[in-house]
Every structure is written in C-alpha cells, then in structure tokens.
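Next comes model_23.csv, a file with CSV, C-alpha atoms.
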```csv
chain,number,residue,atom,x,y,z
A,389,MET,CA,10.3,12.1,-26.2
A,390,SER,CA,8.5,14.3,-23.7
A,391,LEU,CA,6.6,17.5,-24.4
A,392,THR,CA,5.4,19.7,-21.6
A,393,SER,CA,4.0,23.2,-21.6
A,394,ASN,CA,6.2,26.1,-20.8
A,395,TRP,CA,4.9,27.0,-17.4
A,396,PRO,CA,6.6,28.2,-14.2
A,397,LEU,CA,6.6,26.1,-11.0
A,398,PRO,CA,3.5,27.1,-9.0
A,399,PRO,CA,4.0,28.9,-5.7
A,400,LYS,CA,5.0,26.4,-3.0
A,401,GLY,CA,5.6,23.8,-5.8
A,402,ILE,CA,8.4,21.2,-5.7
A,403,ARG,CA,10.4,19.7,-8.5
A,404,PHE,CA,13.4,17.6,-7.6
A,405,LEU,CA,15.5,15.3,-9.8
A,406,THR,CA,18.0,12.8,-8.5
A,407,PRO,CA,21.3,13.6,-10.1
A,408,GLN,CA,22.8,11.0,-12.5
A,409,PHE,CA,25.8,10.2,-10.3
A,410,LEU,CA,23.4,9.2,-7.5
A,411,ILE,CA,21.2,7.2,-9.8
A,412,ASP,CA,24.2,5.3,-10.9
A,413,GLN,CA,25.1,4.6,-7.3
A,414,LEU,CA,21.5,3.7,-6.3
A,415,ALA,CA,21.2,1.3,-9.3
A,416,VAL,CA,24.1,-0.9,-8.0
A,417,ASN,CA,23.9,-0.5,-4.3
A,418,PRO,CA,22.3,-3.8,-2.9
A,419,LEU,CA,20.4,-1.7,-0.4
A,420,THR,CA,18.7,0.4,-3.0
A,421,ALA,CA,18.9,-1.4,-6.4
A,422,GLY,CA,15.4,-2.8,-5.9
A,423,LEU,CA,13.6,0.6,-5.9
A,424,TYR,CA,14.8,4.2,-5.9
A,425,PRO,CA,13.4,7.6,-6.8
A,426,VAL,CA,14.5,9.3,-10.1
A,427,ALA,CA,12.4,12.5,-9.7
A,428,MET,CA,9.6,13.7,-7.5
A,429,GLY,CA,7.5,16.8,-7.0
A,430,TYR,CA,4.4,18.5,-5.9
A,431,TYR,CA,2.4,20.9,-8.2
A,432,PRO,CA,-0.3,22.8,-6.3
A,433,ARG,CA,-3.0,24.3,-8.5
A,434,ALA,CA,-1.0,23.5,-11.6
A,435,GLU,CA,-2.7,25.7,-14.2
A,436,HIS,CA,-1.9,24.8,-17.9
A,437,HIS,CA,0.1,21.7,-16.8
A,438,GLN,CA,0.3,19.1,-19.5
A,439,MET,CA,2.6,16.3,-20.6
A,440,VAL,CA,2.9,14.1,-23.7
A,441,ARG,CA,5.2,11.1,-23.7
A,442,GLU,CA,5.7,8.9,-26.7
A,443,SER,CA,8.1,6.8,-24.7
A,444,HIS,CA,8.8,6.5,-21.0
A,445,SER,CA,12.0,5.2,-19.5
A,446,ASN,CA,10.8,4.8,-15.9
A,447,ASN,CA,7.7,4.4,-13.8
A,448,LEU,CA,5.4,7.2,-12.7
A,449,LEU,CA,3.1,7.5,-9.7
A,450,ILE,CA,0.7,10.5,-9.4
A,451,TYR,CA,-1.7,11.2,-6.5
A,452,CYS,CA,-4.2,14.0,-7.1
A,453,THR,CA,-5.3,15.9,-4.0
A,454,ALA,CA,-7.4,18.7,-5.5
A,455,GLY,CA,-8.9,19.9,-8.8
A,456,ARG,CA,-9.3,17.8,-11.9
A,457,GLY,CA,-7.3,16.4,-14.8
A,458,THR,CA,-7.4,14.1,-17.8
A,459,LEU,CA,-5.3,11.1,-18.7
A,460,MET,CA,-5.0,9.6,-22.2
A,461,LEU,CA,-3.8,6.1,-22.3
A,462,ASP,CA,-4.3,3.4,-25.0
A,463,ASN,CA,-6.8,5.6,-26.9
A,464,GLN,CA,-8.9,5.9,-23.7
A,465,THR,CA,-9.7,9.0,-21.8
A,466,PHE,CA,-9.8,8.9,-18.0
A,467,ARG,CA,-11.0,11.7,-15.8
A,468,ILE,CA,-8.9,12.4,-12.7
A,469,ARG,CA,-10.5,13.6,-9.4
A,470,PRO,CA,-9.2,14.3,-5.9
A,471,GLY,CA,-8.1,11.2,-4.2
A,472,ASP,CA,-7.2,9.4,-7.4
A,473,LEU,CA,-4.0,7.4,-7.7
A,474,ILE,CA,-2.4,7.0,-11.2
A,475,LEU,CA,0.2,4.4,-12.0
A,476,LEU,CA,2.0,4.7,-15.4
A,477,PRO,CA,4.6,1.8,-15.8
A,478,LYS,CA,7.7,2.4,-17.9
A,479,GLY,CA,7.3,2.1,-21.7
A,480,VAL,CA,3.6,3.1,-21.7
A,481,LYS,CA,2.7,5.9,-24.1
A,482,HIS,CA,0.5,8.5,-22.4
A,483,SER,CA,-0.5,12.1,-22.0
A,484,TYR,CA,-2.2,14.0,-19.2
A,485,SER,CA,-3.3,17.5,-18.4
A,486,SER,CA,-4.7,19.7,-15.7
A,487,HIS,CA,-8.3,20.9,-16.0
A,488,SER,CA,-8.4,24.5,-17.4
A,489,ASN,CA,-11.0,25.7,-14.9
A,490,TYR,CA,-10.2,23.4,-11.9
A,491,PRO,CA,-6.4,22.9,-12.1
A,492,TRP,CA,-5.2,19.9,-10.2
A,493,SER,CA,-2.8,19.6,-7.3
A,494,ILE,CA,-0.6,16.5,-7.6
A,495,TYR,CA,2.2,14.6,-5.9
A,496,TRP,CA,4.3,12.6,-8.2
A,497,ILE,CA,7.3,10.3,-8.2
A,498,HIS,CA,9.3,8.8,-11.0
A,499,PHE,CA,11.0,5.6,-9.9
A,500,GLU,CA,13.1,2.8,-11.1
A,501,GLY,CA,14.8,-0.4,-9.8
A,502,GLN,CA,15.0,-4.1,-10.2
A,503,LEU,CA,11.9,-4.6,-8.1
A,504,SER,CA,9.9,-1.7,-9.7
A,505,GLU,CA,7.8,-4.1,-11.8
A,506,ALA,CA,7.1,-6.3,-8.9
A,507,PHE,CA,6.0,-3.3,-6.8
A,508,CYS,CA,3.7,-2.2,-9.6
A,509,GLN,CA,2.2,-5.7,-9.8
A,510,HIS,CA,1.8,-5.7,-6.0
A,511,LEU,CA,-0.4,-2.7,-6.3
A,512,ASN,CA,-2.7,-5.0,-8.3
A,513,LEU,CA,-4.5,-2.2,-10.1
A,514,THR,CA,-7.1,-3.3,-12.5
A,515,ASN,CA,-7.2,0.2,-14.1
A,516,PRO,CA,-4.5,2.8,-14.4
A,517,ILE,CA,-6.5,4.9,-11.9
A,518,GLN,CA,-7.6,3.9,-8.5
A,519,SER,CA,-9.7,6.1,-6.2
A,520,LEU,CA,-8.2,6.1,-2.7
A,521,GLY,CA,-9.9,9.1,-1.3
A,522,MET,CA,-8.0,11.7,0.7
A,523,GLN,CA,-5.2,10.0,2.7
A,524,PRO,CA,-3.4,12.4,5.1
A,525,ARG,CA,-0.8,9.8,6.0
A,526,LEU,CA,0.1,9.2,2.3
A,527,ILE,CA,0.5,13.0,1.8
A,528,SER,CA,2.8,13.1,4.9
A,529,ASP,CA,4.9,10.2,3.4
A,530,PHE,CA,5.3,12.1,0.1
A,531,GLU,CA,6.4,15.2,2.0
A,532,GLU,CA,8.9,13.3,4.1
A,533,LEU,CA,10.4,11.8,1.0
A,534,PHE,CA,10.7,15.2,-0.5
A,535,SER,CA,13.1,16.2,2.3
A,536,LEU,CA,15.8,14.6,0.1
A,537,ARG,CA,16.0,17.9,-1.8
A,538,HIS,CA,17.6,19.4,1.4
A,539,SER,CA,20.1,16.5,1.8
A,540,GLY,CA,23.0,17.9,-0.2
A,541,TYR,CA,22.9,14.8,-2.3
A,542,ASN,CA,24.1,12.7,0.6
A,543,SER,CA,24.2,9.1,-0.4
A,544,ALA,CA,23.0,7.8,3.0
A,545,SER,CA,20.0,10.1,2.8
A,546,PHE,CA,19.1,8.5,-0.6
A,547,VAL,CA,19.4,5.0,0.9
A,548,HIS,CA,16.9,6.0,3.5
A,549,GLY,CA,14.7,7.7,0.8
A,550,SER,CA,14.7,4.6,-1.3
A,551,HIS,CA,13.3,2.6,1.6
A,552,GLN,CA,10.8,5.4,2.2
A,553,LEU,CA,9.7,4.9,-1.4
A,554,GLN,CA,9.3,1.1,-0.7
A,555,GLN,CA,7.2,2.0,2.3
A,556,ILE,CA,5.0,4.3,0.2
A,557,MET,CA,4.5,1.6,-2.4
A,558,SER,CA,3.6,-1.1,0.1
A,559,HIS,CA,1.3,1.3,1.9
A,560,LEU,CA,-0.4,2.1,-1.3
A,561,ALA,CA,-1.0,-1.6,-2.0
A,562,LEU,CA,-2.8,-1.9,1.4
A,563,LEU,CA,-4.9,1.2,0.6
A,564,VAL,CA,-5.9,-0.2,-2.8
A,565,ARG,CA,-7.1,-3.4,-1.2
A,566,GLN,CA,-9.0,-1.5,1.6
A,567,GLN,CA,-10.8,0.7,-0.9
A,568,ARG,CA,-11.8,-2.3,-3.0
A,569,SER,CA,-13.2,-4.0,0.1
A,570,LYS,CA,-15.5,-1.1,0.6
A,571,SER,CA,-16.6,-0.7,-3.0
A,572,GLY,CA,-19.6,-3.0,-2.8
A,573,LYS,CA,-18.0,-5.3,-5.3
A,574,GLN,CA,-15.8,-6.8,-2.6
A,575,ILE,CA,-16.2,-7.7,1.0
A,576,ASP,CA,-15.8,-5.2,3.7
A,577,LEU,CA,-12.6,-6.5,5.2
A,578,ASP,CA,-12.6,-4.1,8.2
A,579,SER,CA,-16.1,-5.3,9.1
A,580,ALA,CA,-15.2,-9.0,8.7
A,581,ARG,CA,-12.0,-8.6,10.8
A,582,ALA,CA,-14.0,-6.8,13.5
A,583,TYR,CA,-16.5,-9.6,13.5
A,584,MET,CA,-13.7,-12.1,14.0
A,585,ASN,CA,-12.2,-10.1,16.8
A,586,GLU,CA,-15.5,-10.1,18.6
A,587,HIS,CA,-15.5,-13.9,18.6
A,588,LEU,CA,-11.9,-14.7,19.5
A,589,HIS,CA,-13.0,-16.4,22.6
A,590,GLY,CA,-15.0,-19.0,20.7
A,591,GLN,CA,-15.1,-20.9,17.4
A,592,MET,CA,-16.2,-19.6,14.0
A,593,ASP,CA,-17.2,-21.4,10.8
A,594,LEU,CA,-17.2,-20.3,7.2
A,595,ALA,CA,-21.0,-20.2,7.0
A,596,SER,CA,-21.2,-17.6,9.8
A,597,LEU,CA,-18.5,-15.4,8.3
A,598,ALA,CA,-20.1,-15.5,4.9
A,599,ALA,CA,-23.5,-14.7,6.3
A,600,HIS,CA,-22.1,-11.7,8.2
A,601,SER,CA,-20.8,-10.4,4.8
A,602,LYS,CA,-24.1,-11.3,3.0
A,603,LEU,CA,-22.3,-13.5,0.5
A,604,SER,CA,-22.3,-17.2,-0.3
A,605,LYS,CA,-19.5,-19.3,1.3
A,606,TYR,CA,-17.8,-19.7,-2.1
A,607,HIS,CA,-17.8,-16.0,-3.1
A,608,PHE,CA,-16.8,-14.9,0.4
A,609,SER,CA,-13.9,-17.3,0.7
A,610,LYS,CA,-12.6,-16.5,-2.8
A,611,ARG,CA,-12.8,-12.7,-2.3
A,612,PHE,CA,-11.4,-12.9,1.2
A,613,LYS,CA,-8.3,-14.9,0.1
A,614,ALA,CA,-7.8,-12.5,-2.8
A,615,LEU,CA,-7.6,-9.6,-0.3
A,616,THR,CA,-5.6,-11.2,2.5
A,617,GLY,CA,-3.7,-14.1,1.0
A,618,HIS,CA,-5.3,-16.4,3.6
A,619,SER,CA,-8.6,-18.4,3.8
A,620,PRO,CA,-11.1,-16.9,6.2
A,621,ILE,CA,-10.7,-19.6,8.8
A,622,GLN,CA,-6.9,-19.5,8.6
A,623,PHE,CA,-7.1,-15.7,9.0
A,624,PHE,CA,-9.3,-16.2,12.1
A,625,ILE,CA,-6.9,-18.7,13.6
A,626,ASN,CA,-4.0,-16.2,12.9
A,627,LEU,CA,-5.9,-13.5,14.9
A,628,LYS,CA,-6.4,-16.0,17.7
A,629,MET,CA,-2.7,-16.8,17.8
A,630,GLN,CA,-1.8,-13.1,17.8
A,631,HIS,CA,-4.1,-12.6,20.8
A,632,ALA,CA,-2.6,-15.7,22.4
A,633,CYS,CA,0.8,-14.0,22.1
A,634,TYR,CA,-0.5,-11.0,23.9
A,635,LEU,CA,-2.0,-13.1,26.7
A,636,LEU,CA,1.3,-15.0,27.1
A,637,ASP,CA,3.2,-11.7,27.3
A,638,ALA,CA,0.8,-9.7,29.4
A,639,SER,CA,-0.4,-12.2,32.0
A,640,THR,CA,0.8,-15.1,34.1
A,641,GLN,CA,-2.0,-17.4,32.9
A,642,SER,CA,-1.0,-21.0,32.2
A,643,VAL,CA,-1.1,-22.3,28.6
A,644,LYS,CA,-4.2,-24.2,29.5
A,645,GLN,CA,-5.9,-21.0,30.7
A,646,VAL,CA,-4.8,-19.1,27.6
A,647,ALA,CA,-6.2,-21.9,25.4
A,648,ALA,CA,-9.5,-21.8,27.3
A,649,ALA,CA,-9.7,-18.0,26.9
A,650,LEU,CA,-9.5,-18.5,23.1
A,651,GLY,CA,-12.2,-21.3,23.0
A,652,TYR,CA,-9.9,-24.3,23.0
A,653,ASP,CA,-10.8,-27.0,25.5
A,654,ASP,CA,-7.8,-29.1,24.4
A,655,ALA,CA,-4.6,-27.3,25.4
A,656,TYR,CA,-2.5,-29.7,23.4
A,657,TYR,CA,-4.4,-29.0,20.2
A,658,PHE,CA,-4.1,-25.2,20.9
A,659,SER,CA,-0.3,-25.7,21.4
A,660,ARG,CA,0.0,-27.5,18.1
A,661,LEU,CA,-1.9,-24.7,16.3
A,662,PHE,CA,0.2,-22.0,18.1
A,663,LYS,CA,3.4,-23.6,17.0
A,664,LYS,CA,2.2,-24.1,13.4
A,665,VAL,CA,1.4,-20.3,13.1
A,666,ILE,CA,4.1,-18.8,15.4
A,667,GLY,CA,6.9,-21.3,14.9
A,668,LEU,CA,7.4,-21.8,18.7
A,669,SER,CA,5.4,-23.6,21.3
A,670,PRO,CA,3.5,-21.4,23.8
A,671,ASP,CA,6.1,-22.3,26.5
A,672,GLN,CA,9.0,-21.6,24.1
A,673,TYR,CA,7.4,-18.3,23.1
A,674,ARG,CA,7.0,-17.2,26.7
A,675,LYS,CA,10.7,-18.0,27.4
A,676,SER,CA,11.9,-16.4,24.1
A,677,LYS,CA,14.3,-13.5,24.4
A,678,HIS,CA,13.0,-12.0,21.1
A,679,ARG,CA,10.7,-9.3,22.7
```
Could I get this file's structure written as structure tokens?
Amino acid sequence: MSLTSNWPLPPKGIRFLTPQFLIDQLAVNPLTAGLYPVAMGYYPRAEHHQMVRESHSNNLLIYCTAGRGTLMLDNQTFRIRPGDLILLPKGVKHSYSSHSNYPWSIYWIHFEGQLSEAFCQHLNLTNPIQSLGMQPRLISDFEELFSLRHSGYNSASFVHGSHQLQQIMSHLALLVRQQRSKSGKQIDLDSARAYMNEHLHGQMDLASLAAHSKLSKYHFSKRFKALTGHSPIQFFINLKMQHACYLLDASTQSVKQVAAALGYDDAYYFSRLFKKVIGLSPDQYRKSKHR
C-alpha cells in the first residue's frame, strides 16, 4: 500500500512510468532482465510532497539536489540534505516527506531486475543515506535517462535506457567510495593514487605509501583494498603496467627501455609482470591488433 499527498506535479517536474507491456518485455529480454527502470521523475521544490509505503515491490533511488526532507525507516528518522543519495531496497517499509519551509528537489528512479539486489549491494552503503555532494554528471545522467518519456515506448530505446541505468548505478558505486575516501575515516584514494603516479619511474614499498596517508601499514592496506579490490602494491604495479602500455603504443622505445623508464633494471622480470597483468607479453601487446 502507498499513500501520497494530493499535490500537483511542480512546474518543470517530471513523472514517467514504464508501461506494463514494456516491463514484461524488459523482464525477459536477456539484454535488460538484469536491471531496468520501472518509473522515474524529477520533483523541483516539491512542496507538501510525502509518501508512506507499508510494502514496496521494487527498489527506489532518490538523489536530493536542493532543500531538505525527512526519511523514516526502521523506527529511525534521517534528515535529508542537498547532495544526499537515498537507497530503499524492495520490501522495506518506509516513509519520507519534503520539508515544509525548505521543500526538496529530488531525482528518483524505481528499478527492478535480476541483478537489482547485486547492484544495491555493489553500492555498499552502510546507511540508507550517503552524502555525495552536488554531482553535475550524475544530474546529467538522470536527465538523459528521462528522455525515455519522449521515445514513444520504443523497445530499443528502453534497452538503451536499461543500460544507462546500469551506468548510473555503477557510477554511484564509484562516487560512494570516493566520498568515503575523503571522509577522514578512510584514506584519501585520490591523494594515494597521485602519489603513486609521481613515482611510476621507481619502486614503492608499503611503508612509504602508508606514511604518505598517515596510517599504519595494516590499516592502510586493509582500507585501500576495501576501496579498490587490490592491495596497495598490486595497485601500484597495475598503474605501472598501464603506463607501460602507453609507452609501448606512443613510442618506439625497446622493451628494455620501457622497463628502465618504469624502474625495472631486469627487462625479463618486467616482461613477466607485464604479461601477468595485461595477459600479453610487451612484444605481443605491441603487435596486437586490438587497438
């Protein structure tokens, strides 16, 4: 059951529902069954906007860009501010409302699909609300997805829209990790990556990386891997191999010269590392037609 206030769509507001016949198609099409939009919209300055759901049959993503609001979930009250992302998985009882004096502006998407739970988990939210700050690219992505309302319910457009939704979800997962890395409770990943890039010509040990981030080796390594999926040293090696690819593509340097430029005196050792990461030897990569 859903209860909402009887209020008109705000000026320049958007509310678009995917028709049931298209939902039925999207749910079985192998190109879209993983994730597809059920409904979407944009409510600017949504005065008196409120919603109460005792049950929820799909997933809901809300991004607040202005004003304030309140979310009630599991007998807890959360305050919504500009730049906040809200994720409400299916089946979760909830209610939310716009602030009476500072009405919020929100982008929202209801979505479903076989991979919807996996995408929600990939966001890795520790709370239903994550502060992302103002993200112009994210807003642009929402607005591009909303062009579906002009598609005449064309099925090919909705296949494309479903993949746009996947792109939005995967982009959000990156934004969440980036914000956490800057929160003070995590490492500053951008700073650590910049430090590594400054030292691609040489070697780097865990102690130096941890000292740069002002953390112990244990905590730095643990937090870095949680953010990137790689150990700090493996991430550094990956950056080196990415730069090696650039040097092999953009110059006529020999493999030995490329190895030396990246701090490896032993070209054979460099070649083994390169093949382990890239899947091809440096010579094979240079001759490869996949460019």
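Near A:Ser504, within 8 Å and counting all atoms listed in the file, sit Gly422, Leu423, Asn447, Phe499, Glu500 and Cys508 of chain A, not including residues fewer than 4 positions from it in the same chain.
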**Message:** Could you check the closest approach to A:His437 for each of A:His587, A:Arg537, A:Lys481, A:His487 and tell me which residue wins, using all atoms listed in the file?
**Reply:** A:His487
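If all atoms listed in the file are the atoms counted, then among A:Leu448, A:Gly501, A:Glu532, A:Val564 the closest residue to A:Leu615 is A:Val564.
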**Message:** Could you tell me how far atom CA of A:Lys610 sits from atom CA of A:Phe662, in Å to one decimal place?
**Reply:** 25.1 Å
**Asked** Please, what distance in Å, to one decimal, runs between atom CA of A:Leu533 and atom CA of A:Val416?
**Response**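 Between these atoms lies a distance of 20.7 Å.
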Give me, as a short mmCIF file (atom, residue, chain, number, x, y, z; two decimals) with C-alpha atoms, in the coordinates of the input, all polymer residues having an atom no more than 9 Å from A:Ile474, counting only C-alpha atoms and skipping those fewer than 6 positions away in the same chain.
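The resulting file, out_4.cif, is reproduced below:
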```cif
data_model
loop_
_atom_site.label_atom_id
_atom_site.label_comp_id
_atom_site.auth_asym_id
_atom_site.auth_seq_id
_atom_site.Cartn_x
_atom_site.Cartn_y
_atom_site.Cartn_z
CA LEU A 448 5.40 7.20 -12.70
CA LEU A 449 3.10 7.50 -9.70
CA ILE A 450 0.70 10.50 -9.40
CA TYR A 451 -1.70 11.20 -6.50
CA CYS A 452 -4.20 14.00 -7.10
CA ILE A 468 -8.90 12.40 -12.70
CA ASN A 515 -7.20 0.20 -14.10
CA PRO A 516 -4.50 2.80 -14.40
CA ILE A 517 -6.50 4.90 -11.90
CA GLN A 518 -7.60 3.90 -8.50
CA SER A 519 -9.70 6.10 -6.20
#
```
**Request:** Skip A:Gln552 itself and residues of its chain fewer than 5 positions away, then list as a list in words all residues within 10 Å of it, counting only C-alpha atoms.
**Result:**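 In the requested form, the answer reads Leu423, Tyr424, Pro425, Asp529, Phe530, Glu532, Leu533, Phe546, Val547, Met557 and Ser558 of chain A.
For the residues A:Val643, A:Ala454, A:Ile527, A:Leu476, ranking by smallest atom-to-atom distance to A:Ala655 using all atoms listed in the file places A:Val643 first.
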**Prompt:** Looking at A:Ser488, A:Ser535, A:Gln523, A:Ser659, which one is nearest to A:His559, with distances taken over all atoms listed in the file?
**Reply:**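 For A:His559, the nearest of the candidates is A:Gln523.
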**Coordinates-based distance that separates atom CA of A:His538 from atom CA of A:Ala421 (Å, one decimal)** =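 So the answer is 22.3 Å.
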**Request:** Up to 10 Å from (-5.2, 21.8, -8.9) in the file's coordinates: name the residues, counting all atoms listed in the file, as a list of chain:residue names.
**Result:** A:Tyr431, A:Pro432, A:Arg433, A:Ala434, A:Glu435, A:His437, A:Cys452, A:Thr453, A:Ala454, A:Gly455, A:Arg456, A:Gly457, A:Arg469, A:Pro470, A:Ser486, A:His487, A:Ser488, A:Asn489, A:Tyr490, A:Pro491, A:Trp492, A:Ser493, A:Ile494
